[in-house]
$ cat coords38.txt   # compact mmCIF, N, CA and C atoms
# COMPACT_ATOMS: atom_id res chain seq x y z
N MET A 882 132.05 88.97 88.03
CA MET A 882 132.81 87.99 88.76
C MET A 882 134.01 87.59 87.92
N ASN A 883 135.20 87.70 88.50
CA ASN A 883 136.40 87.33 87.75
C ASN A 883 136.68 85.83 87.86
N SER A 884 137.71 85.36 87.15
CA SER A 884 137.97 83.92 87.10
C SER A 884 138.39 83.37 88.47
N LEU A 885 139.11 84.16 89.27
CA LEU A 885 139.51 83.71 90.59
C LEU A 885 138.29 83.47 91.47
N GLN A 886 137.33 84.38 91.43
CA GLN A 886 136.11 84.22 92.22
C GLN A 886 135.33 82.99 91.77
N ARG A 887 135.27 82.75 90.46
CA ARG A 887 134.57 81.56 89.96
C ARG A 887 135.25 80.29 90.43
N GLN A 888 136.59 80.29 90.46
CA GLN A 888 137.32 79.12 90.91
C GLN A 888 137.06 78.85 92.38
N ARG A 889 136.95 79.89 93.17
CA ARG A 889 136.70 79.73 94.60
C ARG A 889 135.26 79.34 94.87
N MET A 890 134.36 79.59 93.91
CA MET A 890 132.94 79.26 94.08
C MET A 890 132.61 77.90 93.46
N ARG A 891 133.63 77.08 93.15
CA ARG A 891 133.40 75.83 92.44
C ARG A 891 132.59 74.83 93.24
N ARG A 892 132.61 74.93 94.54
CA ARG A 892 131.87 73.99 95.37
C ARG A 892 130.50 74.54 95.70
N TYR A 893 129.59 73.65 95.95
CA TYR A 893 128.24 74.06 96.28
C TYR A 893 127.60 73.03 97.18
N GLY A 894 126.50 73.39 97.81
CA GLY A 894 125.73 72.46 98.62
C GLY A 894 126.54 71.86 99.76
N SER A 895 126.50 70.54 99.85
CA SER A 895 127.16 69.83 100.95
C SER A 895 128.66 70.07 100.97
N ASN A 896 129.30 70.15 99.82
CA ASN A 896 130.74 70.38 99.80
C ASN A 896 131.10 71.74 100.39
N ASN A 897 130.27 72.74 100.15
CA ASN A 897 130.50 74.05 100.73
C ASN A 897 130.37 73.98 102.25
N HIS A 898 129.38 73.22 102.72
CA HIS A 898 129.19 73.03 104.16
C HIS A 898 130.40 72.32 104.77
N ILE A 899 130.89 71.30 104.08
CA ILE A 899 132.04 70.55 104.58
C ILE A 899 133.27 71.45 104.64
N GLU A 900 133.47 72.28 103.64
CA GLU A 900 134.60 73.21 103.68
C GLU A 900 134.47 74.15 104.87
N GLY A 901 133.26 74.60 105.16
CA GLY A 901 133.03 75.46 106.33
C GLY A 901 133.38 74.76 107.63
N ILE A 902 133.10 73.47 107.71
CA ILE A 902 133.45 72.69 108.90
C ILE A 902 134.97 72.59 109.03
N PHE A 903 135.66 72.35 107.91
CA PHE A 903 137.12 72.31 107.94
C PHE A 903 137.68 73.65 108.40
N ARG A 904 137.09 74.74 107.96
CA ARG A 904 137.56 76.07 108.36
C ARG A 904 137.40 76.31 109.86
N ARG A 905 136.43 75.66 110.47
CA ARG A 905 136.13 75.89 111.88
C ARG A 905 136.65 74.77 112.79
N GLU A 906 137.59 74.00 112.30
CA GLU A 906 138.08 72.83 113.05
C GLU A 906 138.50 73.19 114.49
N LYS A 907 139.31 74.21 114.64
CA LYS A 907 139.79 74.57 115.98
C LYS A 907 138.65 75.01 116.89
N GLU A 908 137.71 75.78 116.35
CA GLU A 908 136.57 76.22 117.15
C GLU A 908 135.71 75.04 117.58
N ILE A 909 135.54 74.07 116.69
CA ILE A 909 134.73 72.89 117.01
C ILE A 909 135.42 72.06 118.10
N LYS A 910 136.73 71.87 117.96
CA LYS A 910 137.47 71.12 118.98
C LYS A 910 137.34 71.79 120.35
N GLN A 911 137.45 73.11 120.38
CA GLN A 911 137.33 73.84 121.63
C GLN A 911 135.93 73.70 122.21
N ALA A 912 134.90 73.80 121.37
CA ALA A 912 133.52 73.70 121.85
C ALA A 912 133.22 72.29 122.37
N VAL A 913 133.75 71.27 121.71
CA VAL A 913 133.55 69.89 122.18
C VAL A 913 134.25 69.71 123.52
N TRP A 914 135.47 70.22 123.64
CA TRP A 914 136.20 70.11 124.90
C TRP A 914 135.41 70.77 126.03
N GLU A 915 134.88 71.96 125.76
CA GLU A 915 134.09 72.66 126.78
C GLU A 915 132.83 71.89 127.14
N ALA A 916 132.17 71.30 126.14
CA ALA A 916 130.96 70.52 126.41
C ALA A 916 131.28 69.27 127.23
N LYS A 917 132.39 68.62 126.94
CA LYS A 917 132.78 67.42 127.66
C LYS A 917 133.20 67.72 129.10
N ASN A 918 133.77 68.88 129.33
CA ASN A 918 134.29 69.21 130.65
C ASN A 918 133.34 70.09 131.46
N ASP A 919 132.13 70.27 130.98
CA ASP A 919 131.11 71.02 131.69
C ASP A 919 130.59 70.15 132.82
N SER A 920 130.50 70.69 134.05
CA SER A 920 130.00 69.88 135.16
C SER A 920 128.49 69.75 135.07
N ARG A 921 128.01 68.55 135.31
CA ARG A 921 126.58 68.29 135.23
C ARG A 921 126.12 67.44 136.41
N GLY A 922 126.57 67.76 137.58
CA GLY A 922 126.21 66.95 138.74
C GLY A 922 124.88 67.39 139.35
N HIS A 923 124.15 66.43 139.90
CA HIS A 923 122.91 66.70 140.64
C HIS A 923 123.20 66.50 142.11
N THR A 924 122.67 67.39 142.94
CA THR A 924 122.99 67.28 144.36
C THR A 924 121.78 66.95 145.22
N GLY A 925 120.60 67.21 144.75
CA GLY A 925 119.44 66.97 145.60
C GLY A 925 118.35 66.22 144.90
N GLY A 926 117.35 65.82 145.64
CA GLY A 926 116.26 65.03 145.09
C GLY A 926 115.04 65.84 144.72
N GLY A 927 115.13 67.15 144.78
CA GLY A 927 113.97 67.97 144.43
C GLY A 927 112.92 67.95 145.54
N ASN A 928 111.66 68.17 145.19
CA ASN A 928 110.61 68.24 146.20
C ASN A 928 109.82 66.94 146.29
N SER A 929 110.41 65.82 145.87
CA SER A 929 109.72 64.54 145.95
C SER A 929 109.85 63.90 147.32
N GLY A 930 110.74 64.43 148.16
CA GLY A 930 110.94 63.86 149.48
C GLY A 930 111.97 62.75 149.49
N HIS A 931 112.50 62.40 148.35
CA HIS A 931 113.51 61.36 148.28
C HIS A 931 114.84 61.98 147.88
N ALA A 932 115.88 61.47 148.46
CA ALA A 932 117.21 61.96 148.12
C ALA A 932 117.67 61.32 146.81
N LEU A 933 118.33 62.09 146.00
CA LEU A 933 118.89 61.58 144.75
C LEU A 933 120.28 61.04 145.06
N VAL A 934 120.49 59.76 144.78
CA VAL A 934 121.80 59.17 145.00
C VAL A 934 122.65 59.52 143.78
N SER A 935 123.75 60.17 144.03
CA SER A 935 124.59 60.64 142.94
C SER A 935 125.96 60.00 143.01
N ASP A 936 126.43 59.57 141.89
CA ASP A 936 127.79 59.03 141.78
C ASP A 936 128.54 59.94 140.81
N PRO A 937 129.23 60.95 141.34
CA PRO A 937 129.87 61.91 140.45
C PRO A 937 130.93 61.29 139.53
N THR A 938 131.59 60.25 139.97
CA THR A 938 132.61 59.62 139.14
C THR A 938 131.95 58.96 137.93
N ALA A 939 130.87 58.23 138.19
CA ALA A 939 130.15 57.58 137.09
C ALA A 939 129.54 58.61 136.16
N SER A 940 128.98 59.67 136.72
CA SER A 940 128.39 60.72 135.88
C SER A 940 129.43 61.36 134.98
N ALA A 941 130.60 61.62 135.54
CA ALA A 941 131.68 62.23 134.75
C ALA A 941 132.15 61.29 133.65
N ALA A 942 132.26 60.00 133.97
CA ALA A 942 132.71 59.03 132.97
C ALA A 942 131.69 58.90 131.83
N LEU A 943 130.42 58.82 132.18
CA LEU A 943 129.38 58.72 131.15
C LEU A 943 129.33 59.98 130.30
N HIS A 944 129.54 61.11 130.94
CA HIS A 944 129.53 62.38 130.21
C HIS A 944 130.67 62.44 129.20
N GLN A 945 131.81 61.84 129.54
CA GLN A 945 132.97 61.85 128.64
C GLN A 945 132.78 60.93 127.44
N VAL A 946 132.06 59.81 127.62
CA VAL A 946 131.90 58.88 126.50
C VAL A 946 130.67 59.17 125.65
N ASP A 947 129.70 59.89 126.18
CA ASP A 947 128.52 60.26 125.39
C ASP A 947 128.94 61.20 124.26
N GLU A 948 128.34 60.99 123.10
CA GLU A 948 128.64 61.85 121.95
C GLU A 948 127.91 63.19 122.12
N VAL A 949 128.63 64.25 121.88
CA VAL A 949 128.04 65.59 121.94
C VAL A 949 127.14 65.75 120.73
N ARG A 950 125.89 66.10 120.97
CA ARG A 950 124.92 66.18 119.87
C ARG A 950 125.01 67.50 119.09
N GLU A 951 125.31 68.57 119.80
CA GLU A 951 125.36 69.88 119.12
C GLU A 951 126.18 70.85 119.96
N VAL A 952 126.92 71.69 119.27
CA VAL A 952 127.65 72.76 119.93
C VAL A 952 127.36 74.07 119.19
N THR A 953 127.43 75.15 119.93
CA THR A 953 127.28 76.47 119.34
C THR A 953 128.64 77.16 119.41
N LEU A 954 129.12 77.58 118.27
CA LEU A 954 130.42 78.24 118.19
C LEU A 954 130.28 79.69 118.63
N PRO A 955 131.40 80.35 118.95
CA PRO A 955 131.33 81.73 119.46
C PRO A 955 130.57 82.71 118.56
N ASP A 956 130.56 82.47 117.25
CA ASP A 956 129.85 83.38 116.35
C ASP A 956 128.37 83.01 116.20
N GLY A 957 127.90 82.02 116.98
CA GLY A 957 126.49 81.65 116.95
C GLY A 957 126.17 80.51 115.99
N TYR A 958 127.14 80.00 115.26
CA TYR A 958 126.95 78.92 114.30
C TYR A 958 126.80 77.60 115.06
N ASN A 959 125.73 76.85 114.77
CA ASN A 959 125.49 75.56 115.42
C ASN A 959 126.04 74.43 114.56
N VAL A 960 126.73 73.50 115.22
CA VAL A 960 127.26 72.32 114.54
C VAL A 960 126.65 71.10 115.20
N ARG A 961 125.87 70.35 114.41
CA ARG A 961 125.29 69.11 114.92
C ARG A 961 126.31 67.98 114.75
N TRP A 962 126.38 67.12 115.75
CA TRP A 962 127.30 65.98 115.76
C TRP A 962 128.75 66.42 115.52
N PRO A 963 129.27 67.31 116.33
CA PRO A 963 130.62 67.84 116.08
C PRO A 963 131.73 66.79 116.15
N GLU A 964 131.58 65.79 117.00
CA GLU A 964 132.63 64.77 117.08
C GLU A 964 132.69 63.94 115.80
N ARG A 965 131.56 63.74 115.16
CA ARG A 965 131.56 63.04 113.88
C ARG A 965 132.27 63.88 112.83
N TRP A 966 132.04 65.19 112.85
CA TRP A 966 132.71 66.08 111.90
C TRP A 966 134.22 66.07 112.13
N LEU A 967 134.64 66.00 113.38
CA LEU A 967 136.07 65.93 113.66
C LEU A 967 136.65 64.60 113.15
N ARG A 968 135.86 63.55 113.19
CA ARG A 968 136.29 62.27 112.62
C ARG A 968 136.45 62.38 111.10
N VAL A 969 135.56 63.13 110.45
CA VAL A 969 135.68 63.36 109.00
C VAL A 969 136.99 64.07 108.70
N ILE A 970 137.29 65.10 109.45
CA ILE A 970 138.51 65.87 109.25
C ILE A 970 139.74 65.00 109.48
N ASP A 971 139.76 64.27 110.59
CA ASP A 971 140.91 63.41 110.90
C ASP A 971 141.10 62.32 109.85
N ALA A 972 140.00 61.70 109.41
CA ALA A 972 140.10 60.64 108.39
C ALA A 972 140.63 61.21 107.07
N THR A 973 140.20 62.40 106.73
CA THR A 973 140.66 63.03 105.48
C THR A 973 142.15 63.34 105.56
N TYR A 974 142.59 63.90 106.68
CA TYR A 974 144.01 64.20 106.85
C TYR A 974 144.85 62.93 106.87
N GLU A 975 144.31 61.85 107.44
CA GLU A 975 145.04 60.59 107.49
C GLU A 975 145.15 59.95 106.11
N LYS A 976 144.06 60.01 105.35
CA LYS A 976 144.04 59.39 104.02
C LYS A 976 144.88 60.19 103.02
N TYR A 977 144.86 61.52 103.14
CA TYR A 977 145.57 62.40 102.21
C TYR A 977 146.53 63.30 102.96
N PRO A 978 147.62 62.74 103.49
CA PRO A 978 148.55 63.59 104.26
C PRO A 978 149.19 64.69 103.42
N ALA A 979 149.38 64.44 102.12
CA ALA A 979 149.97 65.48 101.26
C ALA A 979 149.00 66.64 101.05
N SER A 980 147.72 66.36 101.12
CA SER A 980 146.70 67.40 100.92
C SER A 980 146.41 68.19 102.18
N LYS A 981 146.89 67.71 103.32
CA LYS A 981 146.58 68.37 104.59
C LYS A 981 147.00 69.84 104.59
N ARG A 982 148.20 70.10 104.13
CA ARG A 982 148.69 71.48 104.11
C ARG A 982 147.91 72.33 103.11
N ALA A 983 147.56 71.75 101.96
CA ALA A 983 146.78 72.49 100.96
C ALA A 983 145.40 72.84 101.53
N LEU A 984 144.79 71.89 102.22
CA LEU A 984 143.48 72.15 102.84
C LEU A 984 143.58 73.25 103.89
N ARG A 985 144.62 73.19 104.70
CA ARG A 985 144.79 74.21 105.74
C ARG A 985 145.05 75.59 105.15
N LEU A 986 145.82 75.64 104.06
CA LEU A 986 146.05 76.93 103.41
C LEU A 986 144.75 77.48 102.84
N ARG A 987 143.95 76.61 102.22
CA ARG A 987 142.65 77.06 101.68
C ARG A 987 141.77 77.58 102.82
N CYS A 988 141.76 76.87 103.94
CA CYS A 988 140.93 77.28 105.07
C CYS A 988 141.44 78.57 105.72
N SER A 989 142.72 78.87 105.52
CA SER A 989 143.29 80.10 106.07
C SER A 989 143.03 81.30 105.18
N GLY A 990 142.42 81.06 104.01
CA GLY A 990 142.09 82.16 103.12
C GLY A 990 143.13 82.46 102.05
N PHE A 991 144.11 81.59 101.88
CA PHE A 991 145.10 81.78 100.83
C PHE A 991 144.43 81.65 99.47
N THR A 992 144.85 82.47 98.52
CA THR A 992 144.39 82.29 97.14
C THR A 992 145.11 81.07 96.57
N TYR A 993 144.59 80.54 95.46
CA TYR A 993 145.24 79.36 94.90
C TYR A 993 146.67 79.68 94.47
N ALA A 994 146.90 80.90 93.97
CA ALA A 994 148.24 81.29 93.52
C ALA A 994 149.22 81.30 94.70
N ASP A 995 148.80 81.88 95.82
CA ASP A 995 149.66 81.92 97.00
C ASP A 995 149.91 80.52 97.56
N ALA A 996 148.86 79.70 97.57
CA ALA A 996 149.00 78.33 98.07
C ALA A 996 149.94 77.52 97.18
N CYS A 997 149.80 77.66 95.86
CA CYS A 997 150.68 76.94 94.93
C CYS A 997 152.13 77.36 95.13
N GLU A 998 152.34 78.64 95.33
CA GLU A 998 153.70 79.13 95.56
C GLU A 998 154.26 78.58 96.87
N GLU A 999 153.43 78.58 97.90
CA GLU A 999 153.85 78.07 99.21
C GLU A 999 154.19 76.57 99.16
N LEU A 1000 153.39 75.82 98.40
CA LEU A 1000 153.56 74.37 98.32
C LEU A 1000 154.51 73.92 97.20
N HIS A 1001 154.91 74.86 96.34
CA HIS A 1001 155.78 74.57 95.20
C HIS A 1001 155.15 73.54 94.26
N ILE A 1002 153.87 73.78 93.94
CA ILE A 1002 153.16 72.90 93.01
C ILE A 1002 152.40 73.76 92.01
N GLY A 1003 151.93 73.14 90.95
CA GLY A 1003 151.16 73.84 89.94
C GLY A 1003 149.68 73.91 90.30
N LYS A 1004 148.99 74.73 89.55
CA LYS A 1004 147.56 74.95 89.78
C LYS A 1004 146.75 73.66 89.65
N SER A 1005 147.02 72.88 88.60
CA SER A 1005 146.24 71.65 88.39
C SER A 1005 146.51 70.64 89.50
N THR A 1006 147.74 70.56 89.97
CA THR A 1006 148.07 69.65 91.08
C THR A 1006 147.36 70.08 92.34
N TYR A 1007 147.35 71.38 92.59
CA TYR A 1007 146.68 71.93 93.78
C TYR A 1007 145.19 71.57 93.76
N TYR A 1008 144.53 71.82 92.65
CA TYR A 1008 143.10 71.54 92.59
C TYR A 1008 142.80 70.05 92.59
N ALA A 1009 143.70 69.24 92.02
CA ALA A 1009 143.51 67.79 92.08
C ALA A 1009 143.60 67.30 93.52
N MET A 1010 144.55 67.84 94.28
CA MET A 1010 144.69 67.48 95.70
C MET A 1010 143.43 67.85 96.47
N LEU A 1011 142.93 69.07 96.24
CA LEU A 1011 141.74 69.52 96.96
C LEU A 1011 140.51 68.71 96.56
N ASN A 1012 140.36 68.42 95.26
CA ASN A 1012 139.21 67.66 94.81
C ASN A 1012 139.20 66.25 95.39
N ASP A 1013 140.36 65.59 95.43
CA ASP A 1013 140.45 64.26 96.02
C ASP A 1013 140.06 64.29 97.50
N ALA A 1014 140.62 65.24 98.22
CA ALA A 1014 140.32 65.34 99.65
C ALA A 1014 138.85 65.71 99.88
N ASP A 1015 138.31 66.62 99.07
CA ASP A 1015 136.90 67.01 99.21
C ASP A 1015 135.97 65.83 98.95
N SER A 1016 136.28 65.05 97.92
CA SER A 1016 135.44 63.89 97.60
C SER A 1016 135.49 62.85 98.71
N PHE A 1017 136.68 62.63 99.25
CA PHE A 1017 136.81 61.67 100.34
C PHE A 1017 136.06 62.16 101.58
N ALA A 1018 136.21 63.45 101.91
CA ALA A 1018 135.52 64.01 103.08
C ALA A 1018 134.00 63.88 102.90
N PHE A 1019 133.51 64.11 101.71
CA PHE A 1019 132.08 63.97 101.44
C PHE A 1019 131.63 62.52 101.65
N ALA A 1020 132.43 61.57 101.18
CA ALA A 1020 132.09 60.15 101.34
C ALA A 1020 132.06 59.76 102.81
N VAL A 1021 133.03 60.22 103.58
CA VAL A 1021 133.06 59.91 105.02
C VAL A 1021 131.86 60.55 105.72
N ALA A 1022 131.55 61.79 105.36
CA ALA A 1022 130.39 62.47 105.95
C ALA A 1022 129.09 61.73 105.62
N CYS A 1023 129.00 61.18 104.41
CA CYS A 1023 127.83 60.36 104.07
C CYS A 1023 127.77 59.11 104.92
N GLN A 1024 128.90 58.46 105.09
CA GLN A 1024 128.95 57.24 105.91
C GLN A 1024 128.53 57.50 107.34
N LEU A 1025 128.90 58.64 107.86
CA LEU A 1025 128.57 58.99 109.24
C LEU A 1025 127.19 59.66 109.35
N GLN A 1026 126.46 59.67 108.26
CA GLN A 1026 125.10 60.21 108.19
C GLN A 1026 125.03 61.69 108.55
N LEU A 1027 126.05 62.43 108.13
CA LEU A 1027 126.07 63.88 108.35
C LEU A 1027 125.49 64.64 107.17
N VAL A 1028 125.64 64.10 105.97
CA VAL A 1028 125.10 64.69 104.76
C VAL A 1028 124.50 63.58 103.92
N ARG A 1029 123.72 63.97 102.93
CA ARG A 1029 123.14 63.01 102.01
C ARG A 1029 123.65 63.28 100.60
N ALA A 1030 123.82 62.21 99.85
CA ALA A 1030 124.25 62.35 98.46
C ALA A 1030 123.07 62.66 97.56
N ILE A 1031 121.89 62.24 97.96
CA ILE A 1031 120.70 62.48 97.14
C ILE A 1031 119.74 63.36 97.91

$ encode --input "coords38.txt" --output "structure tokens"
Amino acid sequence: MNSLQRQRMRRYGSNNHIEGIFRREKEIKQAVWEAKNDSRGHTGGGNSGHALVSDPTASAALHQVDEVREVTLPDGYNVRWPERWLRVIDATYEKYPASKRALRLRCSGFTYADACEELHIGKSTYYAMLNDADSFAFAVACQLQLVRAI
């Protein structure tokens, strides 16, 4: 294993999971949108002999405000509480706007050298930006009960 591979393997456990969530941000947003816009209307009362009174407007409104518990991404990866994960991503980008581009470059597969060149910063600045954002994202994920620190 060379030094570049060791640098890319610096994260482990929950931080590695969080980085994976950041990498799949667009897929998660799409899956949540599909789950929210999936029709779930009932039209009949079954074999009980009673008609089911349905209010499609109320059902649609409740479906939009209910939190999506789990989505399955196109590659089969399951994400529990995807809307909470999107809140982690949004909060991290809001807190560290300068790190947003560095995070996106990392998620796009750029090496640190290419990212540093693109951002016109040094290696230590790049890793400091990522470490700050990673630590904050971990703290938010803990607050939202998505991961545990212990």

$ closest_residue --input "coords38.txt" --among "A:Asn897, A:Thr953, A:Ala1022, A:Arg1029" --to "Ile970 (chain A)" --atoms "only N, CA and C atoms"
A:Ala1022

$ atom_distance --input "coords38.txt" --atom1 "atom C of Thr992 (chain A)" --atom2 "atom C of Val960 (chain A)"
28.1 Å

$ atom_distance --input "coords38.txt" --atom1 "atom C of Pro978 (chain A)" --atom2 "CA of Glu998 (chain A)"
17.0 Å

$ select_by_dssp --input "coords38.txt" --residues "region 904-1017 of chain A" --states "alpha helix (DSSP H)" --output "PyMOL selection string"
chain A and resi 904+906-917+937-946+963-976+978-988+993-1000+1004-1017

$ select_by_dssp --input "coords38.txt" --residues "region 888-1023 of chain A" --states "strand (DSSP E)" --output "PyMOL selection string"
chain A and resi 951-953+959-961

$ residues_around --input "coords38.txt" --residues "Gln911 (chain A)" --least-positions-apart "4" --cutoff "12 Å" --atoms "only C-alpha atoms" --output "list in words"
Arg905, Glu906, Lys907, Glu915, Ala916, Lys917, Asn918, Val952, Thr953, Leu954, Pro955, Pro963, Glu964 and Leu967 of chain A

$ atom_distance --input "coords38.txt" --atom1 "atom C of Glu999 (chain A)" --atom2 "atom C of Glu975 (chain A)"
20.2 Å

$ closest_residue --input "coords38.txt" --among "A:Asn896, A:Ala1030, A:Asp995, A:Leu943" --to "Ser1016 (chain A)" --atoms "all atoms listed in the file"
A:Asn896

$ residues_around --input "coords38.txt" --residues "Leu1000 (chain A)" --least-positions-apart "4" --cutoff "8 Å" --atoms "all atoms listed in the file" --output "list in words"
Arg982, Ala983, Ala994, Asp995 and Ala996 of chain A

$ residues_around --input "coords38.txt" --residues "Gln1024 (chain A)" --least-positions-apart "6" --cutoff "12 Å" --atoms "only C-alpha atoms" --output "ChimeraX atom specification"
/A:965-966,968-969,972,1017-1018,1030

$ closest_residue --input "coords38.txt" --among "A:Leu984, A:Cys997, A:Ala939, A:Ile899" --to "Met1010 (chain A)" --atoms "only N, CA and C atoms"
A:Leu984

$ closest_residue --input "coords38.txt" --among "A:Ile909, A:Ala1020, A:Ile902, A:Ala1014" --to "Tyr977 (chain A)" --atoms "all atoms listed in the file"
A:Ala1014

$ decode --input "coords38.txt" --residues "region 895-916 of chain A" --atoms "N, CA and C atoms" --output "PDB file, in the first residue's frame"
ATOM      1  N   SER A 895     -17.703   4.755  11.450  1.00  0.00           N
ATOM      2  CA  SER A 895     -18.804   5.670  11.147  1.00  0.00           C
ATOM      3  C   SER A 895     -18.402   6.746  10.152  1.00  0.00           C
ATOM      4  N   ASN A 896     -17.181   7.247  10.240  1.00  0.00           N
ATOM      5  CA  ASN A 896     -16.757   8.285   9.298  1.00  0.00           C
ATOM      6  C   ASN A 896     -16.729   7.767   7.871  1.00  0.00           C
ATOM      7  N   ASN A 897     -16.340   6.517   7.687  1.00  0.00           N
ATOM      8  CA  ASN A 897     -16.344   5.919   6.363  1.00  0.00           C
ATOM      9  C   ASN A 897     -17.780   5.816   5.841  1.00  0.00           C
ATOM     10  N   HIS A 898     -18.702   5.444   6.733  1.00  0.00           N
ATOM     11  CA  HIS A 898     -20.115   5.356   6.365  1.00  0.00           C
ATOM     12  C   HIS A 898     -20.645   6.740   5.976  1.00  0.00           C
ATOM     13  N   ILE A 899     -20.277   7.750   6.745  1.00  0.00           N
ATOM     14  CA  ILE A 899     -20.731   9.107   6.464  1.00  0.00           C
ATOM     15  C   ILE A 899     -20.191   9.581   5.114  1.00  0.00           C
ATOM     16  N   GLU A 900     -18.946   9.285   4.829  1.00  0.00           N
ATOM     17  CA  GLU A 900     -18.391   9.661   3.525  1.00  0.00           C
ATOM     18  C   GLU A 900     -19.163   8.975   2.399  1.00  0.00           C
ATOM     19  N   GLY A 901     -19.542   7.720   2.605  1.00  0.00           N
ATOM     20  CA  GLY A 901     -20.344   7.005   1.611  1.00  0.00           C
ATOM     21  C   GLY A 901     -21.694   7.661   1.381  1.00  0.00           C
ATOM     22  N   ILE A 902     -22.289   8.178   2.445  1.00  0.00           N
ATOM     23  CA  ILE A 902     -23.567   8.888   2.322  1.00  0.00           C
ATOM     24  C   ILE A 902     -23.373  10.177   1.516  1.00  0.00           C
ATOM     25  N   PHE A 903     -22.290  10.903   1.793  1.00  0.00           N
ATOM     26  CA  PHE A 903     -22.002  12.119   1.029  1.00  0.00           C
ATOM     27  C   PHE A 903     -21.820  11.779  -0.450  1.00  0.00           C
ATOM     28  N   ARG A 904     -21.163  10.670  -0.743  1.00  0.00           N
ATOM     29  CA  ARG A 904     -20.938  10.267  -2.132  1.00  0.00           C
ATOM     30  C   ARG A 904     -22.248   9.958  -2.856  1.00  0.00           C
ATOM     31  N   ARG A 905     -23.253   9.529  -2.114  1.00  0.00           N
ATOM     32  CA  ARG A 905     -24.521   9.116  -2.716  1.00  0.00           C
ATOM     33  C   ARG A 905     -25.623  10.161  -2.560  1.00  0.00           C
ATOM     34  N   GLU A 906     -25.252  11.393  -2.298  1.00  0.00           N
ATOM     35  CA  GLU A 906     -26.238  12.450  -2.027  1.00  0.00           C
ATOM     36  C   GLU A 906     -27.312  12.539  -3.117  1.00  0.00           C
ATOM     37  N   LYS A 907     -26.905  12.604  -4.364  1.00  0.00           N
ATOM     38  CA  LYS A 907     -27.877  12.743  -5.456  1.00  0.00           C
ATOM     39  C   LYS A 907     -28.807  11.535  -5.539  1.00  0.00           C
ATOM     40  N   GLU A 908     -28.255  10.342  -5.368  1.00  0.00           N
ATOM     41  CA  GLU A 908     -29.075   9.135  -5.414  1.00  0.00           C
ATOM     42  C   GLU A 908     -30.088   9.114  -4.275  1.00  0.00           C
ATOM     43  N   ILE A 909     -29.664   9.563  -3.095  1.00  0.00           N
ATOM     44  CA  ILE A 909     -30.561   9.586  -1.937  1.00  0.00           C
ATOM     45  C   ILE A 909     -31.682  10.595  -2.160  1.00  0.00           C
ATOM     46  N   LYS A 910     -31.332  11.782  -2.670  1.00  0.00           N
ATOM     47  CA  LYS A 910     -32.361  12.785  -2.950  1.00  0.00           C
ATOM     48  C   LYS A 910     -33.386  12.255  -3.944  1.00  0.00           C
ATOM     49  N   GLN A 911     -32.918  11.573  -4.976  1.00  0.00           N
ATOM     50  CA  GLN A 911     -33.818  11.013  -5.977  1.00  0.00           C
ATOM     51  C   GLN A 911     -34.713   9.944  -5.362  1.00  0.00           C
ATOM     52  N   ALA A 912     -34.144   9.074  -4.535  1.00  0.00           N
ATOM     53  CA  ALA A 912     -34.926   7.998  -3.913  1.00  0.00           C
ATOM     54  C   ALA A 912     -35.967   8.558  -2.945  1.00  0.00           C
ATOM     55  N   VAL A 913     -35.613   9.606  -2.208  1.00  0.00           N
ATOM     56  CA  VAL A 913     -36.581  10.234  -1.296  1.00  0.00           C
ATOM     57  C   VAL A 913     -37.700  10.874  -2.099  1.00  0.00           C
ATOM     58  N   TRP A 914     -37.356  11.559  -3.183  1.00  0.00           N
ATOM     59  CA  TRP A 914     -38.374  12.181  -4.026  1.00  0.00           C
ATOM     60  C   TRP A 914     -39.332  11.124  -4.561  1.00  0.00           C
ATOM     61  N   GLU A 915     -38.790  10.006  -5.030  1.00  0.00           N
ATOM     62  CA  GLU A 915     -39.635   8.933  -5.547  1.00  0.00           C
ATOM     63  C   GLU A 915     -40.524   8.351  -4.453  1.00  0.00           C
ATOM     64  N   ALA A 916     -39.979   8.183  -3.244  1.00  0.00           N
ATOM     65  CA  ALA A 916     -40.776   7.645  -2.141  1.00  0.00           C
ATOM     66  C   ALA A 916     -41.887   8.612  -1.748  1.00  0.00           C
TER      67      ALA A 916
END
